[in-house]
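Shown next, in structure tokens, is the structure this report addresses.
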Number of protein chains: 4
Amino acid sequence: MNNTHQDTQAAKWWHTKIIDMKPGEIRYHGYAIEELIGRISFADMVWLMTRSELPSQAQSALLEAALMSAVDHGPQAPSIAIARMAMTCGSSLNNAMASAVNVLDDVHGGAGEQAVELYQTIHARLQRGEPLTNATAEGLDAWREKHGKIVPGFGHRFHPIDPRAPRLLQLIDEAAERGEISGQFASIAREIEQQLRKAKGKPIPLNIDGATAAVYAELDFPAPLARGLFCLSRSVGILAHAWEQKCQGGRNKGPIPKGWLWQYQGHPPRHLEGKKSVNN
Amino acid sequence: MNNTHQDTQAAKWWHTKIIDMKPGEIRYHGYAIEELIGRISFADMVWLMTRSELPSQAQSALLEAALMSAVDHGPQAPSIAIARMAMTCGSSLNNAMASAVNVLDDVHGGAGEQAVELYQTIHARLQRGEPLTNATAEGLDAWREKHGKIVPGFGHRFHPIDPRAPRLLQLIDEAAERGEISGQFASIAREIEQQLRKAKGKPIPLNIDGATAAVYAELDFPAPLARGLFCLSRSVGILAHAWEQKCQGGRNKGPIPKGWLWQYQGHPPRHLEGKKSVNN
Amino acid sequence: MNNTHQDTQAAKWWHTKIIDMKPGEIRYHGYAIEELIGRISFADMVWLMTRSELPSQAQSALLEAALMSAVDHGPQAPSIAIARMAMTCGSSLNNAMASAVNVLDDVHGGAGEQAVELYQTIHARLQRGEPLTNATAEGLDAWREKHGKIVPGFGHRFHPIDPRAPRLLQLIDEAAERGEISGQFASIAREIEQQLRKAKGKPIPLNIDGATAAVYAELDFPAPLARGLFCLSRSVGILAHAWEQKCQGGRNKGPIPKGWLWQYQGHPPRHLEGKKSVNN
Amino acid sequence: MNNTHQDTQAAKWWHTKIIDMKPGEIRYHGYAIEELIGRISFADMVWLMTRSELPSQAQSALLEAALMSAVDHGPQAPSIAIARMAMTCGSSLNNAMASAVNVLDDVHGGAGEQAVELYQTIHARLQRGEPLTNATAEGLDAWREKHGKIVPGFGHRFHPIDPRAPRLLQLIDEAAERGEISGQFASIAREIEQQLRKAKGKPIPLNIDGATAAVYAELDFPAPLARGLFCLSRSVGILAHAWEQKCQGGRNKGPIPKGWLWQYQGHPPRHLEGKKSVNN
């Protein structure tokens, strides 16, 4: 990047390894954009941008699957409801998407990231030679001690079995059979599921966050990127619902039907005591 | 969706054609998620969610190209700079993405949407039998009268030729040759470019917004979705830069290097007159 | 602002009349911060920052009233609901406030700004010597022709009379009687109300947006700042509700009670035709 | 809140102690809005909404001071820069405020909250009878062990002495002398400052976050509300800068002057190996 107009200190302040530009030239991690267009998929581009290399075909296929499987869980999800409400407030699609993606915070959007972290600690134990059962039991204990009793990526308040989870594990299995990936993270996820079932006496099944986390861990994404990738994925559902709401119309859509109210549980009516007045 | 626990009025308040759920079952526009996983790409899912049908292979390929080509234009773009700054403020990736996507407003994110609108008005004239030259000239006049002199999708302050634009038009041409799409919107874009060059006496070349708009118009997306799709696309660059900044570290990164200041052009130093005091 | 480390071009790029800083010194519009602290109110500071001068006591009192009167309209308002939902997603207060303030867009947050604009066009007619009745009738006609039938600042779907509106007008009247302001914008607001009642055959009463707009117009704020000031005001309710929700607890609070679902109105179940597969 | 149209379960789902509404009636914590308008200040309303009671005059005066003192620290602050950049992207004021407030995260907006927490742990030791010196030393040790070496609320990279801090402490002192508050948190802040100076051999002076935290702690606000209050405060500067930028004009304002670029440090130019193609 040599440009006579640029100031060196400022140029360093904004240094990056992602994109290089000259007039008429744009390169991402070294590849000229016109060479990439038409030859790699949108998901390949996600990989290139976040990993600095292009994915293999096997990696690409798994990333596609993880990204497309978490796009939407309906208008009861706060992210989706917020996107729909925003559109009735006069927002443009980008604003609605922003307000919605913004709430993919630790509780609504963090389970995948946390599950990757959990899997990785168990995987590190496997690498040190511990058998799967022990590594998982100890990993779970360590997790709970540090983070509390919720095991991220497992359990669902609505689905007895999350239909996305077994299918994603199956894709991992198939890729592992073809020797494309290790498959270890699917084993870890299944072992956690089994130990939770034993401990609780009922199934606490793998959910979408836990399943995509297994994929992302197989693909060696750092844990925080699992949340970032989920944001990309859920942005699709957010966009679709925002647009549908725009087409449906409505103004200032509240959470419950017009005319319904909330329950008030506070102070009974009262009056200002004494006489108070501003600035007099 | 029959659920004994639900209240009918509230259920109607949140009606949708996008997603249906029963315990253990999730369907998008009628397709069970476990059938889709591993068989359609992320971009296919974008299409299904926003269009209610799956794309053909030709449609899918063009959508992939448009989505992957606009992911990033470097840290001088406000969206990218904001994502990087946000991470140094302690934001999670979802928050950084939200603040950044939020500024893809009319000026930074609206050109694609506006270009689709412009193309569509010219296309409507073609459909009524006007020749391309006239349809374009009149479409441009009508646009300028309503929206002012900026023609969305054309001109670039940095690139003499935006390397993404000709490549995207080429993909449209090739698909049109194969009979997959009409190709008319590439013709419209080229005709606008030519008329602008004549009028200005210098090239005002098609840029990425104008080129992706040609793709989205060919694929028959409503104009506002062109902005929505750009938000999905740019979210990838936003994520990549946010993550890179996180790895670089830094605290409260300002726009210019630490220690540099802004220029103050306001009131010279002055004192409060009289004695004023709060609440006394 | 003289700093040897700064680059002149960058300093100009970020020029401002609002704040000047030297090490150990901070001035807003010329006033040293330590002189202001304890002597002007928060609302005075809002005025100083947006208007570059300190308000008179009369101006300050009216601004306080307008700001404090619009803080909250309960959890049916999208902004408030979103703030509450956000907190259950794991957001910090700043994130919840951001997602909520973000939806104070044209429909949810723009009525005050639009009402100021409307009042100003009528006021301009008064200045040209037109009597109030004509100026208002013509101003309303011109508004409707340009913006459609909704008259911003009037009518309420819930309150037959918005209890905030008459009280705010009364404050304007009292200040006008004391000769502090003109009082003309209260007259304009009342005349619009009367003409709407005649035209519709039923009351379309002044609401909070129309009443605060009368205050902001009296105080000579540019119309867009009416929205900005409303954002400051509503931020208080947003913060209060976000915090209350945090104290109540809850995870991923959807818009309707847990277990309730939306109504699905889309495609019946269907299967993928042919065999499609990613990247093969 | 009795409304025949409301559904009880949904009403409970959105229960609140803050606001009660009937047609024509709005009450905050029991007070009818029309009684409050013109009699309490904007800052009083902040207190009422977050604390459920009205402040005393002394409490109100201190809250005014803390809120008005932290509104702005210039365009080098990420929050302010983002607000200005957003406006040049076509954002409305509410959107610009949202993107900016959103980055008041742990690093940029969390120091006040953290300082309140720190002060409170030291205060708890005082309450148990420990002398100030010990309580502070032990409190600091405990803090550093848990959170690392940065002591929130102390030190400034630009100001040798933050001019806002001594003035705010002075207001606490004066109120304490009048018997309105305990004044203990000013003592704690000063003791921390002194111990840091001794430990480092140079002044690490109290900054605006630490000073407002002393006020908020005196006023018995829960720590997270210190961040919420800072968001309200900084929103004023964000609004003022956003509006100034709007008046200045500009399109897609990048962080550094137009024409300047970033430094690229990544892969040298390279080509796609093999032939890859989407969906074929």
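Each chain in the structure tokens gets a letter, A, B, ..., in the order shown, and its residues are numbered from 1; ligands are numbered from 1 in order too.
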
So that I can see what lies close to Glu64 (chain A), please list as a list in words the residues with an atom at most 9 Å from it, counting only C-alpha atoms and leaving out residues fewer than 5 positions away in the same chain.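 So the residues in contact are Phe42, Ala43, Asp44, Gln59 and Ser69 of chain A; Ile37, Gly38, Ile40, Ser41, Phe42 and Ala43 of chain B; Val278 of chain C.
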
Counting only C-alpha atoms, chain C residues within 9 Å of chain A, as a ChimeraX atom specification: /C:7,10,57-58,60-61,64-65,74-79,81-82,85-92,95-96,98-100,102-110,157-158,251-262,278-280

Shell around Gly266 (chain D) at 9 Å using only C-alpha atoms, local window under 6 positions removed, as a PyMOL selection string: chain A and resi 16-20+28-30+52

Could you pull out the strand (DSSP E or B) residues of region 29-259 of chain D from DSSP and send them as a list in words? Tyr31, Ala32, Phe154 and Leu206 of chain D

For His271 (chain B), work out the shell of residues within 9 Å, counting only C-alpha atoms and skipping chain neighbours fewer than 4 positions away, then give it as a VMD selection string. chain C and resid 30 to 32 35

Which is closest to Pro55 (chain C) among C:Leu219, C:Gln248, C:Ser187, C:Leu229, if we use only C-alpha atoms?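 Ranking C:Leu219, C:Gln248, C:Ser187, C:Leu229 by distance to Pro55 (chain C), first place goes to C:Leu219.
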
List the spatial neighbours of Met97 (chain A) as a CSV table (one decimal) with N, CA and C atoms, in the first residue's frame - criterion: any atom at most 7 Å away, only C-alpha atoms, same-chain residues fewer than 6 positions off excluded.
chain,number,residue,atom,x,y,z
A,83,ALA,N,-36.4,-7.6,15.1
A,83,ALA,CA,-36.3,-7.2,13.7
A,83,ALA,C,-37.7,-6.8,13.1
A,235,SER,N,-28.5,-13.6,10.8
A,235,SER,CA,-28.8,-12.4,10.0
A,235,SER,C,-29.7,-12.7,8.9
A,238,ILE,N,-33.2,-13.0,10.3
A,238,ILE,CA,-33.6,-11.6,10.7
A,238,ILE,C,-34.0,-10.8,9.5
A,239,LEU,N,-33.2,-10.9,8.4
A,239,LEU,CA,-33.5,-10.2,7.2
A,239,LEU,C,-34.9,-10.6,6.6

Might you pull out every residue within 12 Å of Gln170 (chain D), with only C-alpha atoms counted and same-chain residues fewer than 3 positions away left off, and present them as a PDB file with all heavy atoms, in the first residue's frame?
ATOM      1  N   GLU C  34     -14.960  22.788  34.717  1.00  0.00           N
ATOM      2  CA  GLU C  34     -15.015  22.900  36.178  1.00  0.00           C
ATOM      3  C   GLU C  34     -15.822  24.114  36.621  1.00  0.00           C
ATOM      4  O   GLU C  34     -16.296  24.173  37.752  1.00  0.00           O
ATOM      5  CB  GLU C  34     -13.605  22.915  36.788  1.00  0.00           C
ATOM      6  CG  GLU C  34     -12.752  24.108  36.430  1.00  0.00           C
ATOM      7  CD  GLU C  34     -11.994  23.908  35.113  1.00  0.00           C
ATOM      8  OE1 GLU C  34     -12.364  23.025  34.316  1.00  0.00           O
ATOM      9  OE2 GLU C  34     -11.027  24.663  34.876  1.00  0.00           O
ATOM     10  N   ILE C  37     -19.650  22.672  36.238  1.00  0.00           N
ATOM     11  CA  ILE C  37     -20.098  21.622  37.167  1.00  0.00           C
ATOM     12  C   ILE C  37     -20.670  22.234  38.441  1.00  0.00           C
ATOM     13  O   ILE C  37     -20.026  23.053  39.084  1.00  0.00           O
ATOM     14  CB  ILE C  37     -18.937  20.668  37.517  1.00  0.00           C
ATOM     15  CG1 ILE C  37     -18.529  19.851  36.292  1.00  0.00           C
ATOM     16  CG2 ILE C  37     -19.316  19.736  38.660  1.00  0.00           C
ATOM     17  CD1 ILE C  37     -17.309  18.971  36.487  1.00  0.00           C
ATOM     18  N   GLY C  38     -21.878  21.830  38.783  1.00  0.00           N
ATOM     19  CA  GLY C  38     -22.518  22.325  39.995  1.00  0.00           C
ATOM     20  C   GLY C  38     -23.276  23.620  39.794  1.00  0.00           C
ATOM     21  O   GLY C  38     -23.965  24.082  40.697  1.00  0.00           O
TER      22      GLY C  38
ATOM     23  N   LEU D  62     -26.641  16.615  43.095  1.00  0.00           N
ATOM     24  CA  LEU D  62     -25.467  15.788  42.796  1.00  0.00           C
ATOM     25  C   LEU D  62     -25.662  14.974  41.523  1.00  0.00           C
ATOM     26  O   LEU D  62     -24.725  14.800  40.734  1.00  0.00           O
ATOM     27  CB  LEU D  62     -25.167  14.858  43.982  1.00  0.00           C
ATOM     28  CG  LEU D  62     -24.458  15.529  45.153  1.00  0.00           C
ATOM     29  CD1 LEU D  62     -24.443  14.602  46.366  1.00  0.00           C
ATOM     30  CD2 LEU D  62     -23.021  15.912  44.765  1.00  0.00           C
ATOM     31  N   ALA D  65     -25.072  17.121  38.546  1.00  0.00           N
ATOM     32  CA  ALA D  65     -23.642  17.380  38.334  1.00  0.00           C
ATOM     33  C   ALA D  65     -22.949  16.195  37.668  1.00  0.00           C
ATOM     34  O   ALA D  65     -22.150  16.360  36.739  1.00  0.00           O
ATOM     35  CB  ALA D  65     -22.970  17.716  39.659  1.00  0.00           C
ATOM     36  N   PRO D 163      -9.848  17.759  34.954  1.00  0.00           N
ATOM     37  CA  PRO D 163     -10.412  18.910  35.656  1.00  0.00           C
ATOM     38  C   PRO D 163     -11.807  18.656  36.226  1.00  0.00           C
ATOM     39  O   PRO D 163     -12.273  19.434  37.072  1.00  0.00           O
ATOM     40  CB  PRO D 163     -10.453  19.992  34.565  1.00  0.00           C
ATOM     41  CG  PRO D 163     -10.473  19.248  33.272  1.00  0.00           C
ATOM     42  CD  PRO D 163      -9.656  18.002  33.515  1.00  0.00           C
ATOM     43  N   ARG D 164     -12.450  17.607  35.783  1.00  0.00           N
ATOM     44  CA  ARG D 164     -13.798  17.323  36.267  1.00  0.00           C
ATOM     45  C   ARG D 164     -13.771  16.659  37.638  1.00  0.00           C
ATOM     46  O   ARG D 164     -14.697  16.792  38.433  1.00  0.00           O
ATOM     47  CB  ARG D 164     -14.522  16.420  35.258  1.00  0.00           C
ATOM     48  CG  ARG D 164     -14.671  17.094  33.903  1.00  0.00           C
ATOM     49  CD  ARG D 164     -15.012  16.106  32.797  1.00  0.00           C
ATOM     50  NE  ARG D 164     -13.896  15.217  32.489  1.00  0.00           N
ATOM     51  CZ  ARG D 164     -13.880  14.387  31.447  1.00  0.00           C
ATOM     52  NH1 ARG D 164     -14.912  14.332  30.624  1.00  0.00           N
ATOM     53  NH2 ARG D 164     -12.846  13.611  31.220  1.00  0.00           N
ATOM     54  N   ALA D 165     -12.680  15.921  37.903  1.00  0.00           N
ATOM     55  CA  ALA D 165     -12.647  15.090  39.105  1.00  0.00           C
ATOM     56  C   ALA D 165     -12.615  15.897  40.405  1.00  0.00           C
ATOM     57  O   ALA D 165     -13.454  15.680  41.288  1.00  0.00           O
ATOM     58  CB  ALA D 165     -11.477  14.110  39.033  1.00  0.00           C
ATOM     59  N   PRO D 166     -11.641  16.837  40.573  1.00  0.00           N
ATOM     60  CA  PRO D 166     -11.613  17.565  41.854  1.00  0.00           C
ATOM     61  C   PRO D 166     -12.897  18.359  42.098  1.00  0.00           C
ATOM     62  O   PRO D 166     -13.357  18.468  43.239  1.00  0.00           O
ATOM     63  CB  PRO D 166     -10.405  18.501  41.698  1.00  0.00           C
ATOM     64  CG  PRO D 166      -9.958  18.410  40.281  1.00  0.00           C
ATOM     65  CD  PRO D 166     -10.535  17.197  39.679  1.00  0.00           C
ATOM     66  N   ARG D 167     -13.479  18.880  41.043  1.00  0.00           N
ATOM     67  CA  ARG D 167     -14.702  19.673  41.201  1.00  0.00           C
ATOM     68  C   ARG D 167     -15.866  18.783  41.667  1.00  0.00           C
ATOM     69  O   ARG D 167     -16.656  19.188  42.527  1.00  0.00           O
ATOM     70  CB  ARG D 167     -15.026  20.339  39.865  1.00  0.00           C
ATOM     71  CG  ARG D 167     -16.266  21.199  39.839  1.00  0.00           C
ATOM     72  CD  ARG D 167     -16.133  22.449  40.678  1.00  0.00           C
ATOM     73  NE  ARG D 167     -17.398  23.184  40.667  1.00  0.00           N
ATOM     74  CZ  ARG D 167     -18.081  23.505  41.766  1.00  0.00           C
ATOM     75  NH1 ARG D 167     -17.613  23.207  42.962  1.00  0.00           N
ATOM     76  NH2 ARG D 167     -19.227  24.133  41.679  1.00  0.00           N
ATOM     77  N   ASP D 173     -17.957  16.837  48.978  1.00  0.00           N
ATOM     78  CA  ASP D 173     -17.504  17.375  50.278  1.00  0.00           C
ATOM     79  C   ASP D 173     -18.511  18.381  50.832  1.00  0.00           C
ATOM     80  O   ASP D 173     -18.870  18.348  52.018  1.00  0.00           O
ATOM     81  CB  ASP D 173     -16.146  18.072  50.131  1.00  0.00           C
ATOM     82  CG  ASP D 173     -15.020  17.084  49.831  1.00  0.00           C
ATOM     83  OD1 ASP D 173     -15.232  15.864  50.008  1.00  0.00           O
ATOM     84  OD2 ASP D 173     -13.932  17.531  49.406  1.00  0.00           O
ATOM     85  N   GLU D 174     -18.922  19.304  49.971  1.00  0.00           N
ATOM     86  CA  GLU D 174     -19.838  20.349  50.417  1.00  0.00           C
ATOM     87  C   GLU D 174     -21.162  19.757  50.891  1.00  0.00           C
ATOM     88  O   GLU D 174     -21.725  20.190  51.905  1.00  0.00           O
ATOM     89  CB  GLU D 174     -20.073  21.367  49.293  1.00  0.00           C
ATOM     90  CG  GLU D 174     -18.836  22.207  48.971  1.00  0.00           C
ATOM     91  CD  GLU D 174     -18.983  23.032  47.694  1.00  0.00           C
ATOM     92  OE1 GLU D 174     -20.096  23.014  47.111  1.00  0.00           O
ATOM     93  OE2 GLU D 174     -17.996  23.679  47.293  1.00  0.00           O
ATOM     94  N   ALA D 175     -21.652  18.788  50.157  1.00  0.00           N
ATOM     95  CA  ALA D 175     -22.916  18.153  50.548  1.00  0.00           C
ATOM     96  C   ALA D 175     -22.735  17.391  51.855  1.00  0.00           C
ATOM     97  O   ALA D 175     -23.644  17.339  52.698  1.00  0.00           O
ATOM     98  CB  ALA D 175     -23.402  17.224  49.436  1.00  0.00           C
ATOM     99  N   ALA D 176     -21.566  16.782  52.018  1.00  0.00           N
ATOM    100  CA  ALA D 176     -21.290  16.058  53.264  1.00  0.00           C
ATOM    101  C   ALA D 176     -21.225  17.023  54.444  1.00  0.00           C
ATOM    102  O   ALA D 176     -21.740  16.740  55.539  1.00  0.00           O
ATOM    103  CB  ALA D 176     -19.989  15.255  53.144  1.00  0.00           C
ATOM    104  N   GLU D 177     -20.581  18.173  54.211  1.00  0.00           N
ATOM    105  CA  GLU D 177     -20.528  19.187  55.279  1.00  0.00           C
ATOM    106  C   GLU D 177     -21.918  19.644  55.695  1.00  0.00           C
ATOM    107  O   GLU D 177     -22.179  19.923  56.861  1.00  0.00           O
ATOM    108  CB  GLU D 177     -19.732  20.407  54.805  1.00  0.00           C
ATOM    109  CG  GLU D 177     -18.230  20.243  54.999  1.00  0.00           C
ATOM    110  CD  GLU D 177     -17.455  21.286  54.205  1.00  0.00           C
ATOM    111  OE1 GLU D 177     -17.915  22.456  54.156  1.00  0.00           O
ATOM    112  OE2 GLU D 177     -16.416  20.918  53.624  1.00  0.00           O
ATOM    113  N   GLY D 183     -20.306  11.362  52.440  1.00  0.00           N
ATOM    114  CA  GLY D 183     -19.001  11.824  51.989  1.00  0.00           C
ATOM    115  C   GLY D 183     -17.940  10.739  52.000  1.00  0.00           C
ATOM    116  O   GLY D 183     -16.801  10.960  51.588  1.00  0.00           O
ATOM    117  N   PHE D 185     -17.476   8.165  50.157  1.00  0.00           N
ATOM    118  CA  PHE D 185     -16.944   7.684  48.883  1.00  0.00           C
ATOM    119  C   PHE D 185     -15.919   8.648  48.285  1.00  0.00           C
ATOM    120  O   PHE D 185     -15.039   8.229  47.531  1.00  0.00           O
ATOM    121  CB  PHE D 185     -18.081   7.352  47.915  1.00  0.00           C
ATOM    122  CG  PHE D 185     -18.832   6.130  48.337  1.00  0.00           C
ATOM    123  CD1 PHE D 185     -19.997   6.211  49.095  1.00  0.00           C
ATOM    124  CD2 PHE D 185     -18.347   4.867  48.011  1.00  0.00           C
ATOM    125  CE1 PHE D 185     -20.669   5.067  49.501  1.00  0.00           C
ATOM    126  CE2 PHE D 185     -19.019   3.717  48.404  1.00  0.00           C
ATOM    127  CZ  PHE D 185     -20.182   3.818  49.165  1.00  0.00           C
ATOM    128  N   ALA D 186     -16.032   9.931  48.633  1.00  0.00           N
ATOM    129  CA  ALA D 186     -14.969  10.856  48.234  1.00  0.00           C
ATOM    130  C   ALA D 186     -13.674  10.501  48.973  1.00  0.00           C
ATOM    131  O   ALA D 186     -12.582  10.532  48.402  1.00  0.00           O
ATOM    132  CB  ALA D 186     -15.373  12.296  48.523  1.00  0.00           C
ATOM    133  N   SER D 187     -13.812  10.145  50.235  1.00  0.00           N
ATOM    134  CA  SER D 187     -12.626   9.732  50.999  1.00  0.00           C
ATOM    135  C   SER D 187     -11.997   8.482  50.409  1.00  0.00           C
ATOM    136  O   SER D 187     -10.770   8.362  50.303  1.00  0.00           O
ATOM    137  CB  SER D 187     -13.007   9.456  52.464  1.00  0.00           C
ATOM    138  OG  SER D 187     -13.674  10.563  53.004  1.00  0.00           O
ATOM    139  N   ARG D 190     -10.166   9.393  47.232  1.00  0.00           N
ATOM    140  CA  ARG D 190      -8.894  10.084  47.506  1.00  0.00           C
ATOM    141  C   ARG D 190      -7.844   9.128  48.061  1.00  0.00           C
ATOM    142  O   ARG D 190      -6.664   9.234  47.746  1.00  0.00           O
ATOM    143  CB  ARG D 190      -9.131  11.231  48.497  1.00  0.00           C
ATOM    144  CG  ARG D 190      -9.847  12.419  47.880  1.00  0.00           C
ATOM    145  CD  ARG D 190      -9.780  13.628  48.806  1.00  0.00           C
ATOM    146  NE  ARG D 190     -10.412  14.793  48.203  1.00  0.00           N
ATOM    147  CZ  ARG D 190     -11.650  15.216  48.472  1.00  0.00           C
ATOM    148  NH1 ARG D 190     -12.412  14.560  49.346  1.00  0.00           N
ATOM    149  NH2 ARG D 190     -12.135  16.283  47.873  1.00  0.00           N
ATOM    150  N   ALA D 211     -14.655   9.749  39.387  1.00  0.00           N
ATOM    151  CA  ALA D 211     -15.299  10.843  40.119  1.00  0.00           C
ATOM    152  C   ALA D 211     -16.820  10.719  40.077  1.00  0.00           C
ATOM    153  O   ALA D 211     -17.500  10.870  41.099  1.00  0.00           O
ATOM    154  CB  ALA D 211     -14.859  12.184  39.539  1.00  0.00           C
ATOM    155  N   THR D 212     -17.365  10.434  38.893  1.00  0.00           N
ATOM    156  CA  THR D 212     -18.814  10.238  38.838  1.00  0.00           C
ATOM    157  C   THR D 212     -19.194   8.990  39.630  1.00  0.00           C
ATOM    158  O   THR D 212     -20.258   8.949  40.246  1.00  0.00           O
ATOM    159  CB  THR D 212     -19.319  10.114  37.385  1.00  0.00           C
ATOM    160  OG1 THR D 212     -18.532   9.131  36.708  1.00  0.00           O
ATOM    161  CG2 THR D 212     -19.220  11.440  36.645  1.00  0.00           C
ATOM    162  N   ALA D 214     -17.881   8.028  42.363  1.00  0.00           N
ATOM    163  CA  ALA D 214     -17.968   8.438  43.767  1.00  0.00           C
ATOM    164  C   ALA D 214     -19.328   9.076  44.040  1.00  0.00           C
ATOM    165  O   ALA D 214     -19.967   8.813  45.069  1.00  0.00           O
ATOM    166  CB  ALA D 214     -16.832   9.404  44.111  1.00  0.00           C
ATOM    167  N   VAL D 215     -19.786   9.905  43.106  1.00  0.00           N
ATOM    168  CA  VAL D 215     -21.112  10.511  43.261  1.00  0.00           C
ATOM    169  C   VAL D 215     -22.201   9.440  43.251  1.00  0.00           C
ATOM    170  O   VAL D 215     -23.069   9.400  44.130  1.00  0.00           O
ATOM    171  CB  VAL D 215     -21.381  11.551  42.150  1.00  0.00           C
ATOM    172  CG1 VAL D 215     -22.801  12.099  42.268  1.00  0.00           C
ATOM    173  CG2 VAL D 215     -20.361  12.676  42.198  1.00  0.00           C
TER     174      VAL D 215
END

Taking 3 positions as the minimum chain separation for residues in the same chain, which residues sit within 7 Å of Glu193 (chain C) when counting only C-alpha atoms? Answer as a PyMOL selection string. chain C and resi 189-190+196-197+204-206

Report the residues of region 54-222 of chain C whose backbone DSSP state falls under alpha helix (DSSP H), written as an MDAnalysis selection string. chainID C and resid 57:69 78:88 93:102 106:109 111:127 132:147 164:177 184:200 208:218

Could you jot down the CA of Arg128 (chain C) to CA of Thr50 (chain C) separation for me, Å, one decimal place? 28.6 Å
